[in-house]
$ cat start22.tsv   # TSV, C-alpha atoms
chain	number	residue	atom	x	y	z
T	15	MET	CA	25.59	40.35	53.06
T	16	LYS	CA	25.14	43.75	54.67
T	17	PRO	CA	27.37	46.59	53.35
T	18	SER	CA	28.65	47.09	56.89
T	19	THR	CA	29.76	43.48	57.03
T	20	ILE	CA	31.73	43.80	53.80
T	21	LEU	CA	33.25	47.05	55.04
T	22	VAL	CA	34.45	45.36	58.24
T	23	ALA	CA	36.03	42.57	56.21
T	24	VAL	CA	37.84	45.04	53.93
T	25	LEU	CA	39.04	47.12	56.86
T	26	ALA	CA	40.29	44.02	58.65
T	27	THR	CA	42.19	43.00	55.53
T	28	LEU	CA	43.85	46.40	55.15
T	29	CYS	CA	44.75	46.64	58.84
T	30	LEU	CA	46.26	43.19	58.85
T	31	SER	CA	48.35	44.01	55.78
T	32	VAL	CA	50.09	46.78	57.70
T	33	GLU	CA	50.39	44.54	60.77
T	34	ALA	CA	51.98	41.72	58.79
T	35	ARG	CA	54.54	43.95	57.09
T	36	HIS	CA	55.43	45.36	60.49
T	37	HIS	CA	56.05	41.89	61.95
T	38	LYS	CA	58.01	40.84	58.88
T	39	THR	CA	60.40	43.77	59.46
T	40	HIS	CA	60.56	42.81	63.14
T	41	LYS	CA	61.63	39.26	62.28
T	42	ARG	CA	64.30	40.49	59.84
T	43	ASP	CA	65.75	42.89	62.40
T	44	GLN	CA	65.71	40.13	65.04
T	45	HIS	CA	67.65	37.82	62.71
T	46	ARG	CA	70.33	40.45	62.08
T	47	ARG	CA	70.62	41.18	65.77
T	48	GLU	CA	70.84	37.50	66.73
T	49	HIS	CA	73.75	36.73	64.40
T	50	ALA	CA	75.69	39.99	64.62
T	51	PRO	CA	77.79	39.10	67.73
T	52	HIS	CA	79.29	35.86	66.48
T	53	HIS	CA	79.92	37.28	62.98
T	54	GLU	CA	81.81	40.18	64.53
T	55	GLN	CA	83.86	37.73	66.59
T	56	LEU	CA	84.71	35.65	63.52
T	57	GLU	CA	85.78	38.73	61.57
T	58	LYS	CA	88.02	39.79	64.46
T	59	GLU	CA	89.67	36.37	64.54
T	60	LEU	CA	90.30	36.47	60.81
T	61	ARG	CA	91.88	39.93	61.07
T	62	GLU	CA	94.16	38.73	63.86
T	63	GLU	CA	95.23	35.66	61.89
T	64	ALA	CA	95.90	37.51	58.62
T	65	PRO	CA	99.30	39.06	59.55
T	66	LYS	CA	100.64	35.67	60.66
T	67	ALA	CA	99.64	34.17	57.35
T	68	VAL	CA	101.57	36.83	55.41
T	69	GLU	CA	104.82	35.82	57.13
T	70	THR	CA	104.59	32.08	56.45
T	71	LYS	CA	102.59	31.77	53.23
T	72	SER	CA	103.48	32.36	49.60
T	73	PRO	CA	101.56	35.05	47.66
T	74	ASN	CA	99.26	32.46	46.10
T	75	GLU	CA	98.62	30.82	49.45
T	76	GLU	CA	98.03	34.24	50.98
T	77	ASP	CA	95.37	35.08	48.38
T	78	SER	CA	93.74	31.73	49.05
T	79	LEU	CA	93.71	32.40	52.79
T	80	GLN	CA	92.12	35.81	52.33
T	81	THR	CA	89.30	34.40	50.27
T	82	LYS	CA	88.71	31.43	52.58
T	83	VAL	CA	85.82	31.92	54.98
T	84	ALA	CA	85.91	30.19	58.34
T	85	PRO	CA	82.91	27.97	59.13
T	86	ASP	CA	80.28	29.61	61.28
T	87	PRO	CA	79.92	27.65	64.57
T	88	CYS	CA	76.43	29.08	64.98
T	89	GLY	CA	75.39	27.99	61.52
T	90	GLN	CA	74.33	24.52	62.69
T	91	LEU	CA	72.72	25.60	65.94
T	92	ARG	CA	69.00	26.40	66.07
T	93	CYS	CA	67.94	28.47	69.04
T	94	LYS	CA	64.40	28.90	70.36
T	95	GLU	CA	62.42	32.09	69.95
T	96	GLY	CA	63.72	34.67	72.42
T	97	GLN	CA	67.25	33.24	72.22
T	98	HIS	CA	70.25	33.70	69.96
T	99	CYS	CA	73.58	32.01	69.39
T	100	ARG	CA	76.76	33.19	71.10
T	101	LEU	CA	80.29	31.81	71.18
T	102	ASN	CA	81.91	31.01	74.52
T	103	GLU	CA	85.60	31.52	75.31
T	104	ALA	CA	86.40	28.18	73.70
T	105	GLY	CA	84.71	29.25	70.47
T	106	GLU	CA	81.81	26.85	71.01
T	107	ALA	CA	78.30	27.86	69.98
T	108	HIS	CA	75.48	27.87	72.51
T	109	CYS	CA	72.08	29.50	72.90
T	110	VAL	CA	71.55	32.37	75.32
T	111	CYS	CA	68.57	34.60	76.04
T	112	MET	CA	68.30	37.76	73.98
T	113	GLU	CA	69.90	40.70	75.77
T	114	SER	CA	67.17	43.01	74.50
T	115	CYS	CA	64.50	43.38	71.82
T	116	SER	CA	63.99	46.21	69.35
T	117	LYS	CA	61.69	49.01	70.43
T	118	TYR	CA	59.27	50.17	67.76
T	119	ASN	CA	57.29	52.73	69.78
T	120	ASP	CA	54.25	51.43	67.97
T	121	PRO	CA	51.27	49.86	69.79
T	122	ARG	CA	50.84	47.47	66.85
T	123	SER	CA	54.08	45.73	67.83
T	124	ALA	CA	52.61	44.85	71.25
T	125	MET	CA	51.33	41.36	72.03
T	126	CYS	CA	48.76	40.21	74.57
T	127	SER	CA	49.40	36.89	76.31
T	128	SER	CA	46.87	34.27	77.33
T	129	GLN	CA	47.36	35.60	80.88
T	130	ASN	CA	46.14	39.01	79.74
T	131	VAL	CA	49.59	40.61	80.08
T	132	THR	CA	50.83	43.06	77.43
T	133	TYR	CA	54.38	42.70	76.08
T	134	ASP	CA	56.12	45.24	73.87
T	135	SER	CA	56.65	42.64	71.17
T	136	GLU	CA	56.59	38.94	70.41
T	137	CYS	CA	60.37	39.01	70.85
T	138	GLU	CA	60.04	40.36	74.39
T	139	PHE	CA	57.48	37.71	75.35
T	140	ASN	CA	59.77	34.91	74.14
T	141	ARG	CA	62.77	36.58	75.77
T	142	GLN	CA	60.96	36.66	79.11
T	143	VAL	CA	60.09	32.97	78.77
T	144	CYS	CA	63.78	32.23	78.27
T	145	LEU	CA	64.89	34.41	81.20
T	146	CYS	CA	62.34	32.92	83.58
T	147	GLU	CA	63.16	29.34	82.54
T	148	ARG	CA	66.81	30.05	83.43
T	149	HIS	CA	65.93	31.87	86.67
T	150	ASP	CA	67.67	34.98	85.40
T	151	HIS	CA	67.40	38.11	87.54
T	152	ASP	CA	65.91	39.97	84.52
T	153	CYS	CA	62.84	37.69	84.63
T	154	ILE	CA	59.96	40.04	85.42
T	155	ASP	CA	57.16	37.61	86.24
T	156	LYS	CA	57.65	33.84	86.62
T	157	ARG	CA	53.94	33.31	86.11
T	158	ILE	CA	54.74	33.41	82.41
T	159	LEU	CA	55.76	29.76	82.86
T	160	ASP	CA	52.43	28.77	84.41
T	161	ASN	CA	49.66	26.96	82.56
T	162	GLU	CA	51.48	26.99	79.24
T	163	ALA	CA	51.10	30.74	78.73
T	164	HIS	CA	51.15	31.75	75.09
T	165	LEU	CA	50.66	34.77	72.90
T	166	ASP	CA	46.97	35.33	72.35
T	167	TYR	CA	46.68	38.22	69.93
T	168	TYR	CA	48.48	41.23	68.48
T	169	GLY	CA	48.06	44.59	70.17
T	170	GLN	CA	47.71	45.72	73.76
T	171	CYS	CA	45.51	43.67	76.04
T	172	GLN	CA	41.95	44.87	76.20
T	173	GLU	CA	38.61	43.73	77.50
T	174	LEU	CA	37.23	41.80	74.56
T	175	GLN	CA	33.55	41.91	73.88
T	176	SER	CA	31.62	38.67	74.44
T	177	CYS	CA	30.30	36.89	71.38
T	178	THR	CA	26.53	36.57	71.48
T	179	ALA	CA	24.65	33.57	70.15
T	180	SER	CA	23.29	35.59	67.22
T	181	GLU	CA	26.77	36.91	66.34
T	182	LEU	CA	28.22	33.42	66.45
T	183	LYS	CA	25.47	32.19	64.14
T	184	GLU	CA	26.26	34.94	61.65
T	185	PHE	CA	30.04	34.56	61.88
T	186	PRO	CA	30.51	31.74	59.30
T	187	SER	CA	28.96	33.99	56.66
T	188	ARG	CA	31.24	36.85	57.69
T	189	MET	CA	34.30	34.60	57.62
T	190	SER	CA	33.37	33.22	54.18
T	191	GLN	CA	33.03	36.73	52.79
T	192	TRP	CA	36.33	37.80	54.34
T	193	LEU	CA	38.19	34.81	52.90
T	194	THR	CA	36.64	35.49	49.49
T	195	ASN	CA	37.88	39.09	49.66
T	196	VAL	CA	41.37	37.98	50.68
T	197	MET	CA	41.70	35.50	47.83
T	198	GLU	CA	40.39	38.08	45.36
T	199	THR	CA	43.00	40.56	46.58
T	200	LEU	CA	45.80	38.01	46.27
T	201	ASP	CA	44.72	37.18	42.72
T	202	GLN	CA	44.68	40.86	41.77
T	203	ARG	CA	48.21	41.19	43.17
T	204	GLN	CA	49.27	38.11	41.18
T	205	GLU	CA	50.33	36.42	44.42
T	206	LEU	CA	48.38	33.21	43.86
T	207	GLU	CA	49.96	30.19	42.23
T	208	VAL	CA	48.80	29.83	38.65
T	209	ARG	CA	46.73	26.72	39.44
T	210	PHE	CA	44.82	28.43	42.22
T	211	SER	CA	44.44	31.64	40.27
T	212	ASP	CA	42.76	29.65	37.49
T	213	MET	CA	40.57	27.82	40.01
T	214	HIS	CA	39.63	31.09	41.65
T	215	ARG	CA	38.66	32.80	38.42
T	216	ARG	CA	36.45	29.88	37.52
T	217	SER	CA	34.91	29.61	40.97
T	218	ARG	CA	33.99	33.27	41.31
T	219	ARG	CA	31.68	32.86	38.33
T	220	SER	CA	29.97	29.89	39.95
T	221	LYS	CA	26.91	29.81	42.19
T	222	THR	CA	29.10	29.11	45.24
T	223	PRO	CA	32.23	31.31	44.88
T	224	GLN	CA	33.00	31.05	48.61
T	225	VAL	CA	33.79	27.31	48.52
T	226	LEU	CA	37.27	27.58	47.01
T	227	PRO	CA	38.54	30.33	49.39
T	228	ILE	CA	37.31	28.31	52.37
T	229	LEU	CA	39.08	25.12	51.25
T	230	TRP	CA	42.22	27.05	50.24
T	231	GLU	CA	42.41	28.74	53.64
T	232	PHE	CA	42.43	25.35	55.36
T	233	CYS	CA	45.39	24.31	53.20
T	234	GLU	CA	47.22	27.52	54.07
T	235	MET	CA	46.69	27.01	57.80
T	236	ASP	CA	47.83	23.37	57.57
T	237	THR	CA	51.56	24.12	57.51
T	238	SER	CA	52.43	20.54	58.52
T	239	LYS	CA	50.49	19.27	55.48
T	240	ASP	CA	48.88	16.46	57.48
T	241	ARG	CA	45.33	17.63	56.66
T	242	ILE	CA	44.79	18.60	60.31
T	243	VAL	CA	45.02	22.12	61.71
T	244	SER	CA	46.37	22.23	65.26
T	245	ARG	CA	46.02	24.99	67.85
T	246	SER	CA	49.50	26.26	67.07
T	247	GLU	CA	48.68	26.38	63.36
T	248	LEU	CA	45.57	28.42	64.14
T	249	PHE	CA	47.58	31.13	65.91
T	250	PRO	CA	48.51	33.05	62.71
T	251	LEU	CA	44.79	33.28	61.95
T	252	ILE	CA	43.63	34.16	65.46
T	253	ALA	CA	46.35	36.62	66.50
T	254	PRO	CA	45.66	39.37	63.94
T	255	LEU	CA	41.87	38.99	64.09
T	256	LYS	CA	40.96	38.50	67.74
T	257	SER	CA	40.96	42.18	68.74
T	258	LEU	CA	38.97	43.03	65.59
T	259	GLU	CA	36.62	40.05	65.49
T	260	HIS	CA	35.65	39.08	69.03
T	261	CYS	CA	33.85	35.93	67.86
T	262	ILE	CA	36.87	34.29	66.18
T	263	GLY	CA	37.84	32.27	69.28
T	264	ASP	CA	34.34	30.96	69.93
T	265	PHE	CA	33.93	30.20	66.24
T	266	LEU	CA	37.09	28.08	66.08
T	267	ASP	CA	36.16	26.31	69.32
T	268	ARG	CA	32.89	25.36	67.71
T	269	CYS	CA	34.72	24.08	64.63
T	270	ASP	CA	36.63	21.63	66.85
T	271	VAL	CA	33.62	19.38	67.29
T	272	ASN	CA	35.31	16.73	69.44
T	273	SER	CA	37.38	19.29	71.41
T	274	ASN	CA	40.68	17.51	70.76
T	275	GLY	CA	42.55	20.69	69.84
T	276	GLU	CA	42.57	19.88	66.12
T	277	ILE	CA	40.35	20.79	63.18
T	278	THR	CA	40.01	18.42	60.24
T	279	LEU	CA	39.07	19.46	56.72
T	280	GLU	CA	35.57	18.06	57.24
T	281	GLU	CA	35.15	19.96	60.53
T	282	TRP	CA	36.35	23.17	58.87
T	283	GLY	CA	33.96	22.77	55.96
T	284	HIS	CA	30.97	21.96	58.17
T	285	CYS	CA	31.82	24.86	60.47
T	286	LEU	CA	31.59	27.22	57.50
T	287	ASN	CA	28.34	25.63	56.33
T	288	LEU	CA	29.71	23.87	53.26
T	289	PRO	CA	27.67	20.90	52.02
T	290	ASP	CA	29.41	17.52	52.18
T	291	ASP	CA	29.72	17.18	48.41
T	292	SER	CA	31.69	20.43	48.16
T	293	ILE	CA	34.32	19.54	50.81
T	294	GLU	CA	37.29	18.20	48.89
T	295	ASP	CA	41.02	18.05	49.45
T	296	ILE	CA	42.69	20.61	47.18
T	297	CYS	CA	45.82	20.97	49.31
T	298	ASP	CA	48.22	19.16	46.98
T	299	GLY	CA	50.24	21.88	45.32
T	300	VAL	CA	49.58	24.61	47.85
T	301	GLY	CA	53.06	26.09	48.02
T	302	GLU	CA	54.71	28.61	50.25
T	303	HIS	CA	56.05	30.91	47.54
T	304	HIS	CA	54.33	33.82	49.23
T	305	GLU	CA	54.65	34.35	52.95
T	306	ARG	CA	51.80	33.32	55.19
T	307	HIS	CA	51.26	36.89	56.33
T	308	VAL	CA	49.97	37.70	52.85
T	309	ARG	CA	47.11	35.33	53.47
T	310	ILE	CA	45.97	37.02	56.62
T	311	GLN	CA	46.49	40.40	55.32
T	312	GLY	CA	45.34	41.27	51.96

$ encode --input "start22.tsv" --output "structure tokens"
Amino acid sequence: MKPSTILVAVLATLCLSVEARHHKTHKRDQHRREHAPHHEQLEKELREEAPKAVETKSPNEEDSLQTKVAPDPCGQLRCKEGQHCRLNEAGEAHCVCMESCSKYNDPRSAMCSSQNVTYDSECEFNRQVCLCERHDHDCIDKRILDNEAHLDYYGQCQELQSCTASELKEFPSRMSQWLTNVMETLDQRQELEVRFSDMHRRSRRSKTPQVLPILWEFCEMDTSKDRIVSRSELFPLIAPLKSLEHCIGDFLDRCDVNSNGEITLEEWGHCLNLPDDSIEDICDGVGEHHERHVRIQG
């Protein structure tokens, strides 16, 4: 492996660590913003009801009323990305499009769609989908509903370099080295489950230390745990890497041998040049105690 190749892998890992933490903060802020309106409304209703309770209830009953928390109507309602729960005049919960999304003034929060359109954030993309689906006057471009537009990669849209045949041939080796570096970093941070940490420490002393990280990555991508990685499950891998590694898309297309939009464990192993006798299912026990962004990050 060339030193430059290793350097690119390390740089990609470090860059993606910052990117992932940024998007984690974005998700947390979005959650707080989504639920703030109906919590404020519930608190207002409780304050309005409290004086009436004092007049009709005994001291013990009053204390009980003050400690009782009204059920959250939005607690049982799951809204799509780009939407949040609001209460109507009757106090009923329903999903509405986000009024706005947080502004980070950071190009790393931008997202490029499959239509080569830049959005300020993933939140804004999903918000626009919601607005356009509902024919809202704030919908900027209804083409976002055409051809199943989706988020392609993080960052502002750019003209991506074409992947040459020689680069594509070399890419499995680059990917293997990158995955090995990622798993090593996770182990050093003590963010691997004990079982996989033990497996990793044994495997890195073997003649083929890249096998375990390759198999483990498949398990991490397979969030549905059906031993098949779908296009949607590939997005967390593609999105942070595509602007840094212009061959990632072509590489994954090649992995999908029968072009059915899914990658099996065998296809993944063959795509990364693993021999048949080393491709085994190690996914039982792969937990989600650490967030998926740690995997793509470092």

$ residues_around --input "start22.tsv" --residues "Gly275 (chain T)" --least-positions-apart "4" --cutoff "9 Å" --atoms "only C-alpha atoms" --output "PyMOL selection string"
chain T and resi 243-245+267+270

$ closest_residue --input "start22.tsv" --among "T:Cys93, T:Ser273, T:Cys88, T:Ile262" --to "Glu184 (chain T)" --atoms "all atoms listed in the file"
T:Ile262

$ atom_distance --input "start22.tsv" --atom1 "CA of Gln191 (chain T)" --atom2 "CA of Leu266 (chain T)"
16.4 Å

$ closest_residue --input "start22.tsv" --among "T:Glu259, T:Asp291, T:Asp264, T:Glu113" --to "Trp192 (chain T)" --atoms "all atoms listed in the file"
T:Glu259

$ atom_distance --input "start22.tsv" --atom1 "CA of Leu165 (chain T)" --atom2 "CA of Met125 (chain T)"
6.7 Å

$ atom_distance --input "start22.tsv" --atom1 "CA of Glu247 (chain T)" --atom2 "CA of Arg141 (chain T)"
21.4 Å

$ residues_near_point --input "start22.tsv" --point "(71.4, 30.1, 70.9)" --cutoff "9 Å" --atoms "all atoms listed in the file" --output "ChimeraX atom specification"
/T:48,88,91-94,97-100,107-112

$ closest_atom_pairs --input "start22.tsv" --of "region 241-307 of chain T" --to "region 171-180 of chain T" --cutoff "8 Å" --atoms "all atoms listed in the file" --output "CSV"
residue,atom,partner,partner_atom,distance
T:Ser257,CA,T:Leu174,CA,6.9
T:His260,CA,T:Gln175,CA,6.0
T:Cys261,CA,T:Cys177,CA,5.1
T:Asp264,CA,T:Cys177,CA,7.3

$ residues_around --input "start22.tsv" --residues "region 208-224 of chain T" --least-positions-apart "4" --cutoff "12 Å" --atoms "only C-alpha atoms" --output "PyMOL selection string"
chain T and resi 186-204+228-231+233+283+286-289+292-293+296-301+303

$ closest_residue --input "start22.tsv" --among "T:Tyr167, T:Ala124, T:Ile252, T:Arg241" --to "Glu281 (chain T)" --atoms "only C-alpha atoms"
T:Arg241

$ axis_aligned_box --input "start22.tsv" --around "region 212-215 of chain T" --padding-each-side "5 Å" --output "AutoDock Vina command-line options"
--center_x 40.7 --center_y 30.3 --center_z 39.6 --size_x 14.1 --size_y 15.0 --size_z 14.2

$ closest_residue --input "start22.tsv" --among "T:Lys239, T:Pro227, T:Phe185, T:Leu251" --to "Arg268 (chain T)" --atoms "all atoms listed in the file"
T:Phe185

$ residues_around --input "start22.tsv" --residues "Leu248 (chain T)" --least-positions-apart "6" --cutoff "10 Å" --atoms "all atoms listed in the file" --output "ChimeraX atom specification"
/T:232,235-237,266,276-277

$ residues_near_point --input "start22.tsv" --point "(60.5, 38.5, 71.6)" --cutoff "9 Å" --atoms "all atoms listed in the file" --output "short mmCIF file (atom, residue, chain, number, x, y, z; two decimals) with C-alpha atoms, keeping the file's coordinate frame"
data_model
loop_
_atom_site.label_atom_id
_atom_site.label_comp_id
_atom_site.auth_asym_id
_atom_site.auth_seq_id
_atom_site.Cartn_x
_atom_site.Cartn_y
_atom_site.Cartn_z
CA GLN T 44 65.71 40.13 65.04
CA GLU T 95 62.42 32.09 69.95
CA GLY T 96 63.72 34.67 72.42
CA GLN T 97 67.25 33.24 72.22
CA MET T 112 68.30 37.76 73.98
CA SER T 114 67.17 43.01 74.50
CA CYS T 115 64.50 43.38 71.82
CA SER T 116 63.99 46.21 69.35
CA TYR T 133 54.38 42.70 76.08
CA ASP T 134 56.12 45.24 73.87
CA SER T 135 56.65 42.64 71.17
CA GLU T 136 56.59 38.94 70.41
CA CYS T 137 60.37 39.01 70.85
CA GLU T 138 60.04 40.36 74.39
CA PHE T 139 57.48 37.71 75.35
CA ASN T 140 59.77 34.91 74.14
CA ARG T 141 62.77 36.58 75.77
CA GLN T 142 60.96 36.66 79.11
#

$ closest_residue --input "start22.tsv" --among "T:Asn274, T:Ser238, T:Gln170, T:Ser246" --to "Asn130 (chain T)" --atoms "all atoms listed in the file"
T:Gln170
